[in-house]
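Novice: My structure is stored as upload-v2.txt, with compact mmCIF, N, CA, C and O atoms.
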```
# COMPACT_ATOMS: atom_id res chain seq x y z
N MET S 3 147.61 -66.48 -74.91
CA MET S 3 147.18 -66.58 -73.53
C MET S 3 147.86 -65.51 -72.68
O MET S 3 147.21 -64.89 -71.86
N LEU S 4 149.16 -65.33 -72.86
CA LEU S 4 149.90 -64.37 -72.04
C LEU S 4 149.29 -62.97 -72.09
O LEU S 4 149.21 -62.29 -71.08
N ARG S 5 148.86 -62.56 -73.23
CA ARG S 5 148.34 -61.20 -73.39
C ARG S 5 146.96 -61.01 -72.78
O ARG S 5 146.57 -59.89 -72.50
N SER S 6 146.23 -62.09 -72.57
CA SER S 6 144.87 -61.95 -72.05
C SER S 6 144.77 -62.16 -70.54
O SER S 6 143.74 -61.87 -69.96
N LEU S 7 145.84 -62.62 -69.90
CA LEU S 7 145.80 -62.83 -68.45
C LEU S 7 145.84 -61.50 -67.72
O LEU S 7 146.54 -60.57 -68.13
N LYS S 8 145.06 -61.43 -66.62
CA LYS S 8 145.02 -60.21 -65.82
C LYS S 8 145.14 -60.57 -64.34
O LYS S 8 144.41 -61.44 -63.86
N PRO S 9 146.04 -59.92 -63.63
CA PRO S 9 146.11 -60.17 -62.18
C PRO S 9 144.75 -59.91 -61.54
O PRO S 9 144.04 -58.97 -61.92
N GLY S 10 144.37 -60.77 -60.60
CA GLY S 10 143.10 -60.61 -59.92
C GLY S 10 141.97 -61.44 -60.53
O GLY S 10 140.91 -61.57 -59.93
N GLU S 11 142.20 -62.00 -61.74
CA GLU S 11 141.18 -62.88 -62.33
C GLU S 11 140.96 -64.07 -61.41
O GLU S 11 141.89 -64.58 -60.80
N SER S 12 139.73 -64.53 -61.35
CA SER S 12 139.44 -65.71 -60.53
C SER S 12 139.85 -66.98 -61.28
O SER S 12 139.94 -66.99 -62.51
N SER S 13 140.09 -68.04 -60.52
CA SER S 13 140.42 -69.31 -61.15
C SER S 13 139.26 -69.78 -62.03
O SER S 13 139.49 -70.41 -63.07
N LEU S 14 138.04 -69.47 -61.66
CA LEU S 14 136.88 -69.84 -62.49
C LEU S 14 136.93 -69.12 -63.84
O LEU S 14 136.70 -69.74 -64.88
N GLU S 15 137.27 -67.84 -63.84
CA GLU S 15 137.37 -67.09 -65.10
C GLU S 15 138.45 -67.68 -66.00
O GLU S 15 138.25 -67.85 -67.20
N VAL S 16 139.61 -67.98 -65.42
CA VAL S 16 140.70 -68.56 -66.20
C VAL S 16 140.29 -69.92 -66.75
O VAL S 16 140.52 -70.24 -67.92
N HIS S 17 139.63 -70.72 -65.91
CA HIS S 17 139.18 -72.05 -66.35
C HIS S 17 138.17 -71.93 -67.48
O HIS S 17 138.21 -72.69 -68.45
N GLN S 18 137.25 -70.98 -67.39
CA GLN S 18 136.26 -70.79 -68.45
C GLN S 18 136.91 -70.36 -69.76
O GLN S 18 136.50 -70.78 -70.83
N ASP S 19 137.96 -69.52 -69.66
CA ASP S 19 138.63 -69.03 -70.86
C ASP S 19 139.59 -70.05 -71.47
O ASP S 19 139.70 -70.14 -72.69
N TRP S 20 140.31 -70.81 -70.63
CA TRP S 20 141.42 -71.64 -71.11
C TRP S 20 141.25 -73.12 -70.85
O TRP S 20 142.09 -73.91 -71.28
N GLY S 21 140.20 -73.51 -70.14
CA GLY S 21 139.96 -74.93 -69.90
C GLY S 21 140.79 -75.49 -68.77
O GLY S 21 141.48 -74.77 -68.05
N GLU S 22 140.76 -76.80 -68.66
CA GLU S 22 141.47 -77.50 -67.59
C GLU S 22 142.98 -77.43 -67.82
O GLU S 22 143.45 -77.69 -68.91
N PRO S 23 143.74 -77.05 -66.79
CA PRO S 23 145.19 -77.03 -66.97
C PRO S 23 145.74 -78.44 -67.14
O PRO S 23 145.13 -79.42 -66.71
N ASP S 24 146.92 -78.54 -67.74
CA ASP S 24 147.54 -79.84 -67.93
C ASP S 24 148.08 -80.40 -66.63
O ASP S 24 148.12 -81.62 -66.45
N LEU S 25 148.49 -79.54 -65.73
CA LEU S 25 148.98 -79.93 -64.41
C LEU S 25 148.40 -78.99 -63.36
O LEU S 25 148.24 -77.80 -63.63
N ARG S 26 148.13 -79.53 -62.18
CA ARG S 26 147.72 -78.70 -61.03
C ARG S 26 148.57 -79.09 -59.85
O ARG S 26 148.77 -80.26 -59.58
N GLN S 27 149.05 -78.09 -59.12
CA GLN S 27 149.77 -78.32 -57.88
C GLN S 27 149.04 -77.57 -56.78
O GLN S 27 148.69 -76.40 -56.95
N TYR S 28 148.81 -78.25 -55.66
CA TYR S 28 148.20 -77.63 -54.50
C TYR S 28 149.28 -77.47 -53.45
O TYR S 28 149.82 -78.44 -52.95
N VAL S 29 149.62 -76.22 -53.15
CA VAL S 29 150.67 -75.92 -52.20
C VAL S 29 149.99 -75.26 -50.99
O VAL S 29 149.72 -74.07 -51.01
N GLY S 30 149.67 -76.07 -50.01
CA GLY S 30 148.94 -75.54 -48.87
C GLY S 30 147.47 -75.33 -49.22
O GLY S 30 147.00 -75.72 -50.29
N GLN S 31 146.77 -74.71 -48.33
CA GLN S 31 145.32 -74.56 -48.48
C GLN S 31 144.93 -73.44 -49.45
O GLN S 31 143.92 -73.52 -50.12
N ASP S 32 145.77 -72.39 -49.54
CA ASP S 32 145.38 -71.20 -50.28
C ASP S 32 146.13 -70.99 -51.60
O ASP S 32 145.82 -70.07 -52.33
N LEU S 33 147.13 -71.82 -51.90
CA LEU S 33 147.96 -71.60 -53.07
C LEU S 33 147.84 -72.76 -54.06
O LEU S 33 147.96 -73.92 -53.68
N GLN S 34 147.58 -72.40 -55.33
CA GLN S 34 147.52 -73.38 -56.41
C GLN S 34 148.40 -72.89 -57.56
O GLN S 34 148.45 -71.70 -57.84
N ILE S 35 149.06 -73.83 -58.23
CA ILE S 35 149.80 -73.54 -59.45
C ILE S 35 149.17 -74.36 -60.56
O ILE S 35 149.08 -75.58 -60.47
N TRP S 36 148.68 -73.69 -61.58
CA TRP S 36 148.12 -74.36 -62.75
C TRP S 36 149.15 -74.23 -63.88
O TRP S 36 149.66 -73.15 -64.13
N SER S 37 149.40 -75.33 -64.57
CA SER S 37 150.37 -75.33 -65.66
C SER S 37 149.69 -75.71 -66.97
O SER S 37 149.04 -76.75 -67.06
N TYR S 38 149.84 -74.84 -67.95
CA TYR S 38 149.31 -75.09 -69.29
C TYR S 38 150.49 -75.36 -70.23
O TYR S 38 151.47 -74.61 -70.23
N ALA S 39 150.38 -76.40 -71.03
CA ALA S 39 151.45 -76.77 -71.95
C ALA S 39 151.58 -75.72 -73.05
O ALA S 39 150.60 -75.34 -73.67
N VAL S 40 152.80 -75.29 -73.27
CA VAL S 40 153.12 -74.40 -74.39
C VAL S 40 153.71 -75.25 -75.50
O VAL S 40 153.32 -75.17 -76.65
N ARG S 41 154.67 -76.10 -75.12
CA ARG S 41 155.29 -77.04 -76.06
C ARG S 41 155.66 -78.29 -75.26
O ARG S 41 156.78 -78.44 -74.81
N PRO S 42 154.68 -79.21 -75.09
CA PRO S 42 154.88 -80.32 -74.17
C PRO S 42 155.77 -81.44 -74.66
O PRO S 42 156.26 -82.21 -73.86
N ASN S 43 155.98 -81.60 -75.94
CA ASN S 43 156.67 -82.77 -76.48
C ASN S 43 158.02 -82.42 -77.08
O ASN S 43 158.40 -82.96 -78.10
N ARG S 44 158.77 -81.55 -76.45
CA ARG S 44 159.96 -81.00 -77.11
C ARG S 44 161.05 -82.03 -77.38
O ARG S 44 161.88 -81.81 -78.25
N ASN S 45 161.07 -83.16 -76.67
CA ASN S 45 162.12 -84.17 -76.91
C ASN S 45 161.69 -85.28 -77.86
O ASN S 45 162.44 -86.21 -78.09
N ASP S 46 160.50 -85.18 -78.40
CA ASP S 46 159.96 -86.22 -79.27
C ASP S 46 159.52 -85.57 -80.58
O ASP S 46 158.45 -84.98 -80.65
N VAL S 47 160.36 -85.67 -81.60
CA VAL S 47 160.09 -85.00 -82.87
C VAL S 47 158.76 -85.44 -83.47
O VAL S 47 157.96 -84.62 -83.91
N ALA S 48 158.49 -86.75 -83.49
CA ALA S 48 157.23 -87.25 -84.06
C ALA S 48 156.04 -86.70 -83.29
O ALA S 48 155.05 -86.27 -83.88
N ALA S 49 156.13 -86.70 -81.96
CA ALA S 49 155.03 -86.19 -81.16
C ALA S 49 154.85 -84.70 -81.38
O ALA S 49 153.73 -84.20 -81.42
N THR S 50 155.94 -83.98 -81.52
CA THR S 50 155.86 -82.54 -81.76
C THR S 50 155.12 -82.26 -83.06
O THR S 50 154.29 -81.36 -83.13
N LEU S 51 155.39 -83.07 -84.08
CA LEU S 51 154.76 -82.85 -85.38
C LEU S 51 153.35 -83.40 -85.48
O LEU S 51 152.49 -82.82 -86.13
N LEU S 52 153.09 -84.54 -84.84
CA LEU S 52 151.83 -85.24 -85.06
C LEU S 52 150.89 -85.27 -83.86
O LEU S 52 149.70 -85.45 -84.01
N TYR S 53 151.40 -85.13 -82.66
CA TYR S 53 150.59 -85.32 -81.46
C TYR S 53 150.75 -84.10 -80.57
O TYR S 53 151.83 -83.84 -80.06
N THR S 54 149.70 -83.33 -80.40
CA THR S 54 149.83 -82.07 -79.68
C THR S 54 149.37 -82.15 -78.23
O THR S 54 149.61 -81.23 -77.47
N SER S 55 148.73 -83.21 -77.82
CA SER S 55 148.25 -83.32 -76.45
C SER S 55 149.36 -83.76 -75.51
O SER S 55 150.30 -84.43 -75.90
N VAL S 56 149.20 -83.36 -74.26
CA VAL S 56 150.16 -83.74 -73.22
C VAL S 56 149.89 -85.17 -72.79
O VAL S 56 148.75 -85.59 -72.64
N LYS S 57 150.99 -85.94 -72.61
CA LYS S 57 150.83 -87.31 -72.13
C LYS S 57 151.87 -87.56 -71.04
O LYS S 57 152.89 -86.86 -70.98
N PRO S 58 151.65 -88.53 -70.16
CA PRO S 58 152.60 -88.80 -69.09
C PRO S 58 154.01 -89.05 -69.64
O PRO S 58 154.18 -89.70 -70.66
N GLY S 59 155.00 -88.48 -68.95
CA GLY S 59 156.38 -88.62 -69.35
C GLY S 59 156.89 -87.51 -70.24
O GLY S 59 158.10 -87.35 -70.42
N ASP S 60 155.99 -86.72 -70.84
CA ASP S 60 156.41 -85.59 -71.67
C ASP S 60 157.12 -84.57 -70.80
O ASP S 60 156.72 -84.31 -69.67
N ASP S 61 158.18 -83.99 -71.33
CA ASP S 61 158.74 -82.83 -70.66
C ASP S 61 158.79 -81.72 -71.68
O ASP S 61 158.91 -81.94 -72.87
N GLY S 62 158.60 -80.52 -71.20
CA GLY S 62 158.57 -79.41 -72.13
C GLY S 62 158.28 -78.10 -71.44
O GLY S 62 158.40 -77.98 -70.23
N ASN S 63 157.88 -77.13 -72.25
CA ASN S 63 157.64 -75.78 -71.77
C ASN S 63 156.18 -75.60 -71.41
O ASN S 63 155.28 -75.99 -72.17
N PHE S 64 155.97 -74.99 -70.27
CA PHE S 64 154.63 -74.75 -69.75
C PHE S 64 154.53 -73.30 -69.29
O PHE S 64 155.54 -72.64 -69.05
N LEU S 65 153.30 -72.83 -69.14
CA LEU S 65 153.04 -71.54 -68.53
C LEU S 65 152.40 -71.83 -67.18
O LEU S 65 151.33 -72.45 -67.11
N ASP S 66 153.07 -71.44 -66.10
CA ASP S 66 152.58 -71.66 -64.74
C ASP S 66 151.81 -70.44 -64.27
O ASP S 66 152.34 -69.32 -64.30
N LEU S 67 150.59 -70.64 -63.81
CA LEU S 67 149.76 -69.58 -63.26
C LEU S 67 149.63 -69.81 -61.76
O LEU S 67 149.29 -70.90 -61.33
N LYS S 68 149.90 -68.78 -60.98
CA LYS S 68 149.86 -68.87 -59.53
C LYS S 68 148.59 -68.19 -59.02
O LYS S 68 148.35 -67.01 -59.29
N PHE S 69 147.80 -68.97 -58.26
CA PHE S 69 146.57 -68.46 -57.66
C PHE S 69 146.70 -68.48 -56.14
O PHE S 69 147.12 -69.49 -55.57
N ILE S 70 146.35 -67.38 -55.50
CA ILE S 70 146.26 -67.34 -54.04
C ILE S 70 144.82 -66.99 -53.71
O ILE S 70 144.27 -66.00 -54.21
N ASN S 71 144.21 -67.84 -52.87
CA ASN S 71 142.79 -67.68 -52.51
C ASN S 71 141.90 -67.54 -53.74
O ASN S 71 140.98 -66.74 -53.77
N GLY S 72 142.21 -68.32 -54.79
CA GLY S 72 141.38 -68.35 -55.98
C GLY S 72 141.56 -67.19 -56.94
O GLY S 72 140.82 -67.06 -57.90
N LYS S 73 142.55 -66.32 -56.69
CA LYS S 73 142.80 -65.16 -57.56
C LYS S 73 144.18 -65.28 -58.19
O LYS S 73 145.16 -65.61 -57.53
N LEU S 74 144.26 -64.97 -59.48
CA LEU S 74 145.52 -65.02 -60.21
C LEU S 74 146.43 -63.89 -59.73
O LEU S 74 146.04 -62.72 -59.74
N VAL S 75 147.63 -64.25 -59.27
CA VAL S 75 148.57 -63.24 -58.78
C VAL S 75 149.80 -63.09 -59.67
O VAL S 75 150.40 -62.03 -59.70
N SER S 76 150.20 -64.17 -60.37
CA SER S 76 151.36 -64.07 -61.25
C SER S 76 151.40 -65.26 -62.19
O SER S 76 150.68 -66.24 -62.00
N TRP S 77 152.29 -65.18 -63.19
CA TRP S 77 152.50 -66.29 -64.12
C TRP S 77 153.91 -66.20 -64.66
O TRP S 77 154.52 -65.14 -64.67
N LYS S 78 154.43 -67.36 -65.08
CA LYS S 78 155.79 -67.42 -65.63
C LYS S 78 155.94 -68.67 -66.48
O LYS S 78 155.19 -69.63 -66.33
N LYS S 79 156.93 -68.66 -67.36
CA LYS S 79 157.25 -69.84 -68.15
C LYS S 79 158.06 -70.79 -67.27
O LYS S 79 158.85 -70.35 -66.42
N ALA S 80 157.85 -72.10 -67.45
CA ALA S 80 158.55 -73.11 -66.64
C ALA S 80 158.71 -74.38 -67.46
O ALA S 80 158.07 -74.55 -68.50
N GLU S 81 159.57 -75.26 -66.98
CA GLU S 81 159.74 -76.58 -67.59
C GLU S 81 159.25 -77.63 -66.61
O GLU S 81 159.51 -77.54 -65.41
N HIS S 82 158.51 -78.62 -67.13
CA HIS S 82 157.97 -79.70 -66.30
C HIS S 82 158.05 -81.02 -67.05
O HIS S 82 158.08 -81.04 -68.27
N THR S 83 158.00 -82.10 -66.30
CA THR S 83 157.77 -83.43 -66.84
C THR S 83 156.40 -83.85 -66.35
O THR S 83 156.12 -83.77 -65.15
N VAL S 84 155.54 -84.28 -67.25
CA VAL S 84 154.19 -84.67 -66.89
C VAL S 84 154.25 -86.00 -66.15
O VAL S 84 154.77 -86.98 -66.68
N PRO S 85 153.71 -86.05 -64.92
CA PRO S 85 153.76 -87.30 -64.16
C PRO S 85 152.76 -88.32 -64.70
O PRO S 85 151.80 -87.96 -65.40
N ALA S 86 152.99 -89.58 -64.36
CA ALA S 86 152.04 -90.63 -64.73
C ALA S 86 150.75 -90.40 -63.96
O ALA S 86 150.75 -89.94 -62.82
N LYS S 87 149.61 -90.70 -64.59
CA LYS S 87 148.32 -90.58 -63.92
C LYS S 87 148.18 -91.64 -62.84
O LYS S 87 148.66 -92.75 -62.99
N GLN S 88 147.51 -91.26 -61.78
CA GLN S 88 147.22 -92.21 -60.70
C GLN S 88 145.89 -92.89 -60.99
O GLN S 88 144.95 -92.25 -61.43
N GLY S 89 145.79 -94.16 -60.77
CA GLY S 89 144.54 -94.88 -61.00
C GLY S 89 144.34 -95.19 -62.46
O GLY S 89 145.20 -94.98 -63.31
N SER S 90 143.17 -95.69 -62.78
CA SER S 90 142.89 -96.14 -64.13
C SER S 90 142.48 -95.03 -65.07
O SER S 90 142.51 -95.18 -66.27
N GLY S 91 142.01 -93.90 -64.52
CA GLY S 91 141.55 -92.82 -65.37
C GLY S 91 140.09 -92.95 -65.76
O GLY S 91 139.52 -92.06 -66.33
N PHE S 92 139.45 -94.08 -65.41
CA PHE S 92 138.06 -94.27 -65.76
C PHE S 92 137.41 -95.17 -64.72
O PHE S 92 138.00 -96.16 -64.32
N GLY S 93 136.25 -94.78 -64.31
CA GLY S 93 135.51 -95.62 -63.38
C GLY S 93 134.07 -95.74 -63.84
O GLY S 93 133.55 -94.86 -64.51
N TYR S 94 133.42 -96.83 -63.50
CA TYR S 94 132.06 -97.05 -63.95
C TYR S 94 131.32 -97.74 -62.83
O TYR S 94 131.84 -98.66 -62.21
N GLY S 95 130.13 -97.26 -62.56
CA GLY S 95 129.36 -97.91 -61.51
C GLY S 95 127.93 -97.41 -61.51
O GLY S 95 127.56 -96.51 -62.24
N LEU S 96 127.12 -98.02 -60.67
CA LEU S 96 125.74 -97.61 -60.55
C LEU S 96 125.64 -96.56 -59.46
O LEU S 96 126.13 -96.74 -58.36
N GLY S 97 125.00 -95.45 -59.80
CA GLY S 97 124.82 -94.37 -58.84
C GLY S 97 123.56 -94.59 -58.02
O GLY S 97 122.83 -95.57 -58.20
N PRO S 98 123.29 -93.68 -57.07
CA PRO S 98 122.09 -93.78 -56.23
C PRO S 98 120.83 -93.84 -57.09
O PRO S 98 120.74 -93.18 -58.11
N GLY S 99 119.88 -94.61 -56.66
CA GLY S 99 118.61 -94.70 -57.38
C GLY S 99 118.69 -95.53 -58.64
O GLY S 99 117.80 -95.46 -59.48
N GLY S 100 119.74 -96.29 -58.83
CA GLY S 100 119.83 -97.16 -60.00
C GLY S 100 120.38 -96.50 -61.23
O GLY S 100 120.53 -97.14 -62.26
N GLY S 101 120.69 -95.20 -61.19
CA GLY S 101 121.24 -94.53 -62.36
C GLY S 101 122.69 -94.94 -62.58
O GLY S 101 123.36 -95.42 -61.68
N VAL S 102 123.16 -94.73 -63.76
CA VAL S 102 124.54 -95.08 -64.09
C VAL S 102 125.39 -93.82 -63.94
O VAL S 102 124.99 -92.75 -64.37
N SER S 103 126.53 -93.95 -63.31
CA SER S 103 127.44 -92.82 -63.21
C SER S 103 128.76 -93.16 -63.87
O SER S 103 129.17 -94.31 -63.90
N ASN S 104 129.38 -92.16 -64.41
CA ASN S 104 130.66 -92.32 -65.09
C ASN S 104 131.63 -91.34 -64.44
O ASN S 104 131.57 -90.16 -64.68
N LEU S 105 132.49 -91.82 -63.57
CA LEU S 105 133.39 -90.95 -62.81
C LEU S 105 134.83 -91.24 -63.17
O LEU S 105 135.25 -92.39 -63.13
N GLY S 106 135.56 -90.22 -63.51
CA GLY S 106 137.00 -90.40 -63.75
C GLY S 106 137.75 -90.34 -62.44
O GLY S 106 137.43 -89.57 -61.56
N HIS S 107 138.76 -91.16 -62.28
CA HIS S 107 139.58 -91.16 -61.08
C HIS S 107 141.01 -90.85 -61.48
O HIS S 107 141.60 -91.54 -62.29
N PHE S 108 141.55 -89.78 -60.93
CA PHE S 108 142.89 -89.35 -61.30
C PHE S 108 143.77 -89.36 -60.09
O PHE S 108 143.43 -89.08 -59.03
```
Since I need it in another form, could you write the structure as structure tokens?

Specialist:
Amino acid sequence: MLRSLKPGESSLEVHQDWGEPDLRQYVGQDLQIWSYAVRPNRNDVAATLLYTSVKPGDDGNFLDLKFINGKLVSWKKAEHTVPAKQGSGFGYGLGPGGGVSNLGHF
């Protein structure tokens, strides 16, 4: 990932190439920090060997990407603890016109 990042890339381009970040921080209206896990389970040997996805409570190494006005301006390695998700993570209900909608709530 590090070698393919280019300053000035749009957040949409980064999202298309690398998917949803593991963490997002919104700092004011124009600044976003996206964090992608590099090694999220460093304190859990079993998780490191068997489970590669990020889960709440994991702490580890991440790559933080800084976007200003939707453009990538810089990136750096950082350490984070993944916070617990807010809400149930799943919602189900009937949408307008009787259709079924499946909306996640985070």

Novice: What separation in Å, quoted to one decimal, exists between atom N of S:Asn63 and atom N of S:Gln31?

Specialist: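 Straight-line distance from atom N of S:Asn63 to atom N of S:Gln31 works out to 26.5 Å.
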
Novice: Which is closer to S:Trp36 than all the others in S:Ser12, S:Ser76, S:Val84, S:Gln18, using all atoms listed in the file?

Specialist: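 Nearest to S:Trp36: S:Ser76.
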
Novice: Given only N, CA, C and O atoms as the basis, pick out the residue of S:Gly72, S:Ser37, S:Leu4, S:His82 nearest to S:Gly21.

Specialist: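 Among the listed residues, S:Ser37 lies closest to S:Gly21.
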
Novice: Given the choices S:Leu65, S:Ile70, S:Ala80, S:Val16, which gets closest to S:Gln34 if the distance is worked out from all atoms listed in the file?

Specialist: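 Among the listed residues, S:Ile70 lies closest to S:Gln34.
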
Novice: Taking 3 positions as the minimum chain separation for residues in the same chain, which residues sit within 10 Å of S:Asp19 when counting only C-alpha atoms? Answer as a PyMOL selection string.

Specialist: chain S and resi 3+6-7+13-16+22

Novice: Work out how far atom N of S:Trp20 is from atom CA of S:Asp32, in Å to one decimal.

Specialist: 21.0 Å

Novice: So, counting only C-alpha atoms, which residue among S:Glu11, S:Gln27, S:Phe64, S:His17 is closest to S:Ala39?

Specialist: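 Between S:Glu11, S:Gln27, S:Phe64, S:His17, the residue approaching S:Ala39 most closely is S:Phe64.
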
Novice: In Å, rounded to a single decimal, give me how far atom C of S:Asn71 is from atom C of S:Gly30.

Specialist: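 Atom C of S:Asn71 lies 10.6 Å from atom C of S:Gly30.
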